Structure formats: structure tokens, C-alpha cells
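Visitor: Contents are compact mmCIF, C-alpha atoms; file name work_23.txt:
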# COMPACT_ATOMS: atom_id res chain seq x y z
CA MET K 27 0.00 0.00 0.00
CA THR K 28 2.41 2.69 -1.21
CA LYS K 29 1.08 4.66 -4.17
CA ASN K 30 -0.90 7.21 -2.14
CA ASN K 31 1.18 7.13 1.02
CA LYS K 32 2.24 10.72 0.40
CA LEU K 33 -1.19 11.63 1.74
CA LEU K 34 -0.83 12.68 5.38
CA PHE K 35 -3.53 13.09 8.02
CA SER K 36 -3.61 14.65 11.49
CA VAL K 37 -5.27 12.47 14.12
CA PHE K 38 -6.92 13.93 17.23
CA GLU K 39 -7.20 11.63 20.25
CA ASN K 40 -7.67 11.96 24.00
CA LEU K 41 -4.92 14.28 25.28
CA ASN K 42 -4.62 15.74 28.77
CA GLY K 43 -8.22 14.77 29.50
CA ILE K 44 -9.54 16.57 26.41
CA GLN K 45 -11.28 14.35 23.88
CA GLY K 46 -13.73 14.32 20.98
CA ALA K 47 -14.59 17.60 19.25
CA PHE K 48 -13.00 19.59 22.11
CA GLN K 49 -9.58 18.20 21.19
CA THR K 50 -8.09 20.51 18.54
CA THR K 51 -4.41 19.65 19.01
CA PRO K 52 -3.22 16.74 16.84
CA THR K 53 -1.76 13.76 18.67
CA GLN K 54 -0.15 12.04 15.68
CA THR K 55 0.27 12.12 11.90
CA LEU K 56 -0.58 9.09 9.77
CA ASN K 57 0.01 8.23 6.12
CA PHE K 58 -2.69 6.47 4.13
CA SER K 59 -1.57 2.92 5.06
CA GLU K 60 -1.48 3.84 8.73
CA LEU K 61 -4.88 5.52 8.51
CA VAL K 62 -6.43 2.35 7.11
CA SER K 63 -4.75 0.31 9.87
CA TYR K 64 -6.25 2.68 12.46
CA TYR K 65 -9.71 2.08 10.97
CA LYS K 66 -9.16 -1.68 11.13
CA SER K 67 -7.65 -1.71 14.62
CA GLN K 68 -9.09 -3.83 17.41
CA GLU K 69 -9.52 -0.74 19.60
CA ASN K 70 -11.60 1.05 16.96
CA ARG K 71 -13.68 -2.07 16.34
CA GLU K 72 -14.45 -2.51 20.05
CA LEU K 73 -15.38 1.14 20.59
CA SER K 74 -17.65 1.15 17.52
CA GLN K 75 -19.36 -2.03 18.72
CA ALA K 76 -19.86 -0.57 22.19
CA ILE K 77 -21.45 2.58 20.74
CA LEU K 78 -23.77 0.47 18.63
CA LEU K 79 -24.85 -1.68 21.59
CA ALA K 80 -25.26 1.16 24.12
CA THR K 81 -28.76 0.97 25.62
CA THR K 82 -29.27 4.63 26.59
CA PRO K 83 -28.58 7.94 24.84
CA GLU K 84 -26.38 8.97 27.77
CA ALA K 85 -24.22 5.87 27.51
CA LYS K 86 -24.00 6.19 23.74
CA ASN K 87 -22.94 9.85 23.92
CA LYS K 88 -20.34 9.10 26.59
CA LEU K 89 -18.79 6.45 24.35
CA LYS K 90 -18.98 8.70 21.28
CA SER K 91 -17.02 11.39 23.12
CA LYS K 92 -14.08 8.96 23.29
CA ARG K 93 -13.97 8.54 19.53
CA ALA K 94 -10.92 9.92 17.75
CA TYR K 95 -11.09 11.79 14.48
CA PHE K 96 -8.76 12.88 11.69
CA THR K 97 -8.58 15.71 9.16
CA PRO K 98 -8.99 14.31 5.62
CA TYR K 99 -7.67 17.41 3.86
CA GLY K 100 -4.21 17.34 5.42
CA THR K 101 -2.20 18.04 8.53
CA PHE K 102 -2.76 20.91 10.94
CA SER K 103 -0.81 22.42 13.83
CA ILE K 104 -4.23 23.22 15.35
CA ARG K 105 -7.54 22.19 13.77
CA ARG K 106 -8.33 25.47 12.15
CA ASN K 107 -8.31 26.40 8.46
CA ALA K 108 -5.51 28.93 8.85
CA ASN K 109 -3.26 26.35 10.52
CA ILE K 110 -3.02 23.80 7.71
CA LEU K 111 0.50 22.45 7.17
CA GLU K 112 0.20 19.97 4.30
CA ARG K 113 -2.83 19.66 2.01
CA ASN K 114 -4.26 16.52 0.40
CA ASN K 115 -5.96 16.57 -2.99
CA ILE K 116 -8.90 14.48 -1.88
CA VAL K 117 -12.61 14.87 -1.19
CA SER K 118 -14.08 13.65 2.07
CA ILE K 119 -17.54 12.16 1.56
CA ASP K 120 -20.27 11.72 4.16
CA ILE K 121 -23.60 10.30 3.00
CA ASP K 122 -26.37 9.95 5.56
CA GLY K 123 -30.12 9.56 5.87
CA LEU K 124 -30.23 6.28 3.95
CA LYS K 125 -33.13 3.87 4.49
CA ASN K 126 -31.20 0.91 5.82
CA GLU K 127 -27.93 -1.00 5.73
CA GLU K 128 -28.90 -2.63 2.43
CA GLU K 129 -29.16 0.73 0.66
CA ALA K 130 -25.91 1.85 2.27
CA GLY K 131 -24.25 -1.34 1.07
CA VAL K 132 -25.32 -0.62 -2.51
CA ILE K 133 -23.78 2.86 -2.37
CA ARG K 134 -20.59 1.50 -0.83
CA LYS K 135 -20.37 -0.94 -3.74
CA GLN K 136 -20.90 1.88 -6.26
CA LEU K 137 -18.10 3.88 -4.67
CA ALA K 138 -15.87 0.80 -4.64
CA GLU K 139 -16.27 0.55 -8.40
CA HIS K 140 -15.11 4.15 -8.93
CA PRO K 141 -11.39 4.29 -9.83
CA SER K 142 -10.82 7.42 -7.71
CA THR K 143 -12.19 6.02 -4.43
CA LEU K 144 -9.51 5.56 -1.77
CA PHE K 145 -11.82 3.94 0.75
CA ALA K 146 -15.51 3.50 1.50
CA LEU K 147 -17.19 2.09 4.58
CA LEU K 148 -20.49 2.03 6.43
CA SER K 149 -21.10 4.35 9.36
CA THR K 150 -21.44 2.84 12.82
CA ARG K 151 -25.25 2.59 12.56
CA GLY K 152 -25.00 1.14 9.07
CA LYS K 153 -27.25 3.78 7.48
CA GLY K 154 -24.54 6.08 6.19
CA ILE K 155 -21.31 6.05 4.23
CA LYS K 156 -17.88 7.52 4.87
CA ALA K 157 -15.53 7.67 1.92
CA MET K 158 -12.61 9.53 0.37
CA MET K 159 -11.88 10.18 -3.29
CA LEU K 160 -8.66 11.33 -4.86
CA VAL K 161 -9.12 14.40 -7.10
CA ASP K 162 -7.01 16.52 -9.38
CA ALA K 163 -7.72 19.72 -7.46
CA GLY K 164 -6.67 22.91 -9.18
CA PHE K 165 -8.13 25.27 -6.63
CA THR K 166 -6.86 27.07 -3.54
CA THR K 167 -7.74 26.30 0.06
CA GLU K 168 -9.96 29.40 0.08
CA GLU K 169 -11.87 28.15 -2.97
CA GLN K 170 -12.20 24.54 -1.77
CA PHE K 171 -15.64 24.60 -0.16
CA ASN K 172 -17.42 26.29 -3.07
CA GLN K 173 -15.65 24.19 -5.71
CA LEU K 174 -16.58 20.96 -3.97
CA LYS K 175 -20.12 22.13 -3.26
CA HIS K 176 -20.90 23.41 -6.77
CA VAL K 177 -18.78 21.06 -8.92
CA PHE K 178 -18.02 17.83 -7.04
CA LYS K 179 -21.32 17.44 -5.19
CA PRO K 180 -23.47 17.48 -8.38
CA TYR K 181 -21.04 15.00 -9.94
CA LEU K 182 -21.31 12.63 -6.97
CA ARG K 183 -25.11 13.02 -6.85
CA ASP K 184 -25.40 12.00 -10.50
CA PHE K 185 -22.88 9.17 -10.18
CA LEU K 186 -24.65 7.62 -7.19
CA LYS K 187 -28.16 8.64 -8.31
CA ILE K 188 -29.12 9.88 -4.87
CA ASP K 189 -30.74 13.05 -3.53
CA ALA K 190 -28.24 15.86 -3.12
CA ASP K 191 -29.40 16.53 0.46
CA LYS K 192 -27.99 13.14 1.51
CA ILE K 193 -24.47 14.40 0.76
CA ASP K 194 -23.19 16.35 3.77
CA GLU K 195 -21.56 19.60 2.60
CA ALA K 196 -19.86 20.06 5.97
CA GLN K 197 -17.27 17.49 4.88
CA PHE K 198 -16.09 19.92 2.20
CA LYS K 199 -14.71 22.33 4.82
CA LEU K 200 -10.94 22.40 4.97
CA SER K 201 -10.50 21.57 8.67
CA GLN K 202 -13.67 19.49 9.06
CA PRO K 203 -13.16 16.44 11.32
CA CYS K 204 -13.95 12.92 10.17
CA TYR K 205 -14.66 10.50 13.01
CA PHE K 206 -13.47 6.91 12.84
CA SER K 207 -16.04 4.15 12.51
CA PHE K 208 -15.63 0.44 11.92
CA ASP K 209 -16.78 -1.64 8.97
CA ALA K 210 -15.47 -5.18 8.57
CA ASP K 211 -16.13 -4.89 4.81
CA MET K 212 -14.35 -1.56 4.41
CA PHE K 213 -13.25 -1.05 0.79
CA VAL K 214 -9.69 0.20 0.28
CA ASN K 215 -7.93 1.13 -2.94
CA ALA K 216 -4.40 2.46 -2.34
CA GLY K 217 -3.94 2.74 -6.10
CA ALA K 218 -6.79 5.19 -6.70
CA GLU K 219 -6.38 7.53 -9.67
CA PRO K 220 -7.21 11.26 -9.37
CA LEU K 221 -10.66 12.25 -10.58
CA GLN K 222 -10.48 14.80 -13.38
CA LEU K 223 -13.17 17.45 -12.95
CA ASP K 224 -13.32 20.98 -14.26
CA PHE K 225 -13.42 22.93 -11.02
CA ASN K 226 -14.53 26.13 -12.67
CA TYR K 227 -17.14 27.51 -10.27
CA LYS K 228 -17.04 31.29 -10.03
CA GLU K 229 -18.60 33.28 -7.23
CA PRO K 230 -21.40 35.54 -8.52
CA ILE K 231 -20.28 39.14 -8.73
CA ARG K 232 -22.31 41.37 -6.48
CA LYS K 233 -23.98 44.12 -8.47
CA PRO K 234 -22.92 47.64 -7.50
CA PHE K 235 -25.40 49.58 -5.44
CA LYS K 236 -27.44 52.08 -7.38
CA ALA K 237 -27.09 55.72 -6.44
CA VAL K 238 -30.18 57.01 -4.72
CA THR K 239 -31.18 60.63 -4.73
CA ILE K 240 -32.23 61.80 -1.32
CA PRO K 241 -35.43 63.82 -1.70
CA THR K 242 -35.36 67.23 -0.10
CA SER K 243 -38.65 66.42 1.56
CA ALA K 244 -37.25 63.40 3.43
CA ASP K 245 -38.66 63.10 6.92
CA THR K 246 -35.75 62.83 9.35
CA ASN K 247 -38.01 61.26 11.97
CA ILE K 248 -38.79 58.41 9.57
CA GLU K 249 -35.12 57.99 8.74
CA THR K 250 -34.23 57.82 12.41
CA TYR K 251 -36.92 55.21 12.99
CA VAL K 252 -35.86 53.14 9.95
CA LEU K 253 -32.21 53.07 11.01
CA LYS K 254 -33.23 52.07 14.54
CA VAL K 255 -35.29 49.14 13.16
CA LEU K 256 -32.38 48.22 10.87
CA GLN K 257 -30.01 48.01 13.83
CA SER K 258 -32.45 45.84 15.76
CA LYS K 259 -32.63 43.39 12.86
CA VAL K 260 -28.87 43.30 12.37
CA ASP K 261 -28.40 42.59 16.08
CA LEU K 262 -30.33 39.34 15.57
CA LEU K 263 -27.70 37.98 13.15
CA THR K 264 -25.57 36.08 15.65
CA PRO K 265 -23.97 32.63 15.34
CA ASN K 266 -25.98 31.37 18.31
CA GLY K 267 -29.36 29.66 18.14
CA ALA K 268 -31.49 28.47 15.23
CA ARG K 269 -30.74 30.07 11.88
CA HIS K 270 -34.13 30.12 10.16
CA PRO K 271 -35.97 32.24 12.76
CA LYS K 272 -33.17 34.78 12.46
CA LEU K 273 -33.55 34.92 8.71
CA ALA K 274 -37.30 35.36 9.04
CA ASN K 275 -36.77 38.35 11.31
CA ILE K 276 -34.81 40.29 8.69
CA LYS K 277 -37.48 40.02 5.97
CA ALA K 278 -38.74 43.38 7.19
CA LEU K 279 -35.79 44.97 5.37
CA ALA K 280 -37.89 45.12 2.21
CA GLU K 281 -40.43 47.20 4.08
CA LEU K 282 -37.73 49.52 5.38
CA ILE K 283 -36.53 50.22 1.85
CA HIS K 284 -40.10 50.81 0.74
CA TYR K 285 -40.66 53.47 3.38
CA ALA K 286 -37.20 55.02 3.10
CA PRO K 287 -35.85 54.46 -0.44
CA GLN K 288 -33.22 57.12 0.13
CA LEU K 289 -31.59 54.79 2.67
CA GLU K 290 -31.49 51.74 0.37
CA ASN K 291 -27.71 51.68 0.05
CA GLN K 292 -27.13 51.97 3.78
CA ILE K 293 -29.75 49.34 4.62
CA LEU K 294 -28.43 46.77 2.15
CA SER K 295 -24.74 47.30 2.83
CA THR K 296 -25.28 47.15 6.60
CA PHE K 297 -27.29 43.95 6.32
CA ILE K 298 -24.85 42.24 3.92
CA GLN K 299 -21.88 43.11 6.09
CA ALA K 300 -23.66 41.75 9.18
CA GLY K 301 -24.57 38.57 7.33
CA GLU K 302 -20.99 38.02 6.18
CA ASN K 303 -19.69 38.61 9.68
Spell out the structure here as C-alpha cells.
Guide:
Amino acid sequence: MTKNNKLLFSVFENLNGIQGAFQTTPTQTLNFSELVSYYKSQENRELSQAILLATTPEAKNKLKSKRAYFTPYGTFSIRRNANILERNNIVSIDIDGLKNEEEAGVIRKQLAEHPSTLFALLSTRGKGIKAMMLVDAGFTTEEQFNQLKHVFKPYLRDFLKIDADKIDEAQFKLSQPCYFSFDADMFVNAGAEPLQLDFNYKEPIRKPFKAVTIPTSADTNIETYVLKVLQSKVDLLTPNGARHPKLANIKALAELIHYAPQLENQILSTFIQAGEN
């Protein structure tokens, strides 16, 4: 197993009492052969079996917190996008929400027949798939997520003939963790060939804001009120809590522009900046 052993992965295990997702400092670096051996290890098999057989959610979650993970896209000094050391030209694949183990087995077989698949295995519950494909990636780390989302994901959807929403986009993030699971029938192909795709997705160019003439009859009281409402809506755009209710709250922006068209530029630019932040 040597052809793709130049691929290197950071592994994150229990260290100084910190484990699971809270552990962001790598504990070791593995090449592809070593990564596969880790998957097939007795320790990983026993932990996966214990998670599967746990009788309560509390027991299951406690066992899950002990599970190690690795970073498919390369090695990191700390698990954060900016701290990548070496990058792998691969795509990490996570397919979930399948009906049963039989359907998952069919998809694993399809992936096994693809010449670019490095490995494919069932998730612990048997209703999902974890896999990695080798790709000829001609994009930067900053472009990775959008290229994989808009170019690779449609390709994989069509190849597997599954609904796009079953393909987890989170696995396209540069520093996204991939947790180990055990599958006795794990497919491995150390001689995978890079998938040739035209990663040509371009971000839409934001149209310039139109100049708005402020009418001389503008009511300053209305403007003051509009800007106060705008600030209250922007304050709701935080990373905490459910996303959709927050988005619903800012629909009133259209009304603000209607009542104060002279403030259109300020309303839109303030909202967009808050959204990006």
C-alpha cells in the first residue's frame, strides 16, 4: 500500500483529558496505510461495537465522546483552516439519511467501483457512508468549499443517483473532522487515480449599489426610525441559536426600503456586512 502514502492526516485523540470535538491539538500524523490500519484496529472495532450496543442515549454519547477523528484534507498544527501544514488533494464524503444497511451497502459498492475512491465504509449505525476520493484539485484552500459544493457534489449526486441533500456539505470544509467508525467490509484502494473534474465555479459578482437621490422632503423622523429598526434586525444575526428564525426576522428589510428608499444603500450594505460577519 504505497502509491498514495504521500497523503498525510492529522489524528486527534484523547490528550490531557480533552477528547472528541474539544480536542483541537493533533496527537499524531498518519500516512494512508497507517490511517487504514487505524480504521481496522481492534480498539476502533471494540469502541464502535460498544457505541452500537449502548442501551441509553447517555451511555451512547459518553462512548462517542471517546472517539478519535482525523482531518482528511491534510495536517494541521491546530484544527483550524488557517493552521493547515500539508494539504491533500482528496474529497471527504459523508452520505447519511439512507433507508437501511442494504441501501448503504449498494452505495458502498458503487463507490468501490469508482477508480478514484480511496476507501468507503459504512457508518457505525450502518445507514450512512464515509468515503474519500482522490481528485485533481486545481483550486486554492480558500476556494475549496465552493468548488466541492458546486462542482463535485453534483457530480457525486449524478454518479450515485441519490438526492443531493444526503451528501453532507460540511465534509467539504478544509479543517472538518472525520470520526473513525468500523466496517469489517471496508473497501480500500491504495492505487486510486485522481478524478479529473473541471473545477470552474465562479462566485457571482455582487452588483454595485445604485445611487439614490435623497429627496429634499425626506422626513428625518422616519429615517431615524428606519435606522433604529435596521439596527435591531442586524443585532439578531448572531452565530448562536437556530438560523431560520433569524432569517425570518430580517425580511422586514424590504419594508424599510419601501418606506425610506433614500436609505437603500445603507440598509443593504449594513445587512450584507452583518450577514458576512
Visitor: Hey, what's within 12 Å of Asn126 in chain K if we count all atoms listed in the file and toss same-chain stuff fewer than 3 positions away? As a list of chain:residue names, please?
Guide: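 Once the adjacent positions are removed, what remains is K:Asp122, K:Gly123, K:Glu129, K:Ala130, K:Gly131, K:Val132, K:Ile133, K:Leu148, K:Ser149, K:Arg151, K:Gly152, K:Lys153, K:Gly154, K:Ile155.
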Visitor: When you draw a straight line from CA of Gly43 in chain K to CA of Leu200 in chain K, how long is it in Å?
Guide: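 Between CA of Gly43 in chain K and CA of Leu200 in chain K the gap works out to 25.8 Å.
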Visitor: Compare K:Gln68, K:Ala138, K:Ala85, K:Gln202 by their minimum atom-to-atom distance to Ala47 in chain K, counting all atoms listed in the file, and give me the closest one.
Guide: K:Gln202
Visitor: Calculated over only C-alpha atoms, which of the candidates K:Phe185, K:Phe38, K:Tyr95, K:Tyr251 has the smallest distance to Tyr65 in chain K?
Guide: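 When distances to Tyr65 in chain K are compared using only C-alpha atoms, the smallest one comes from K:Tyr95.
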Visitor: Between K:Ser207, K:Thr150, K:Leu223, K:Phe213, which is the closest to Leu78 in chain K once you count all atoms listed in the file?
Guide: K:Thr150
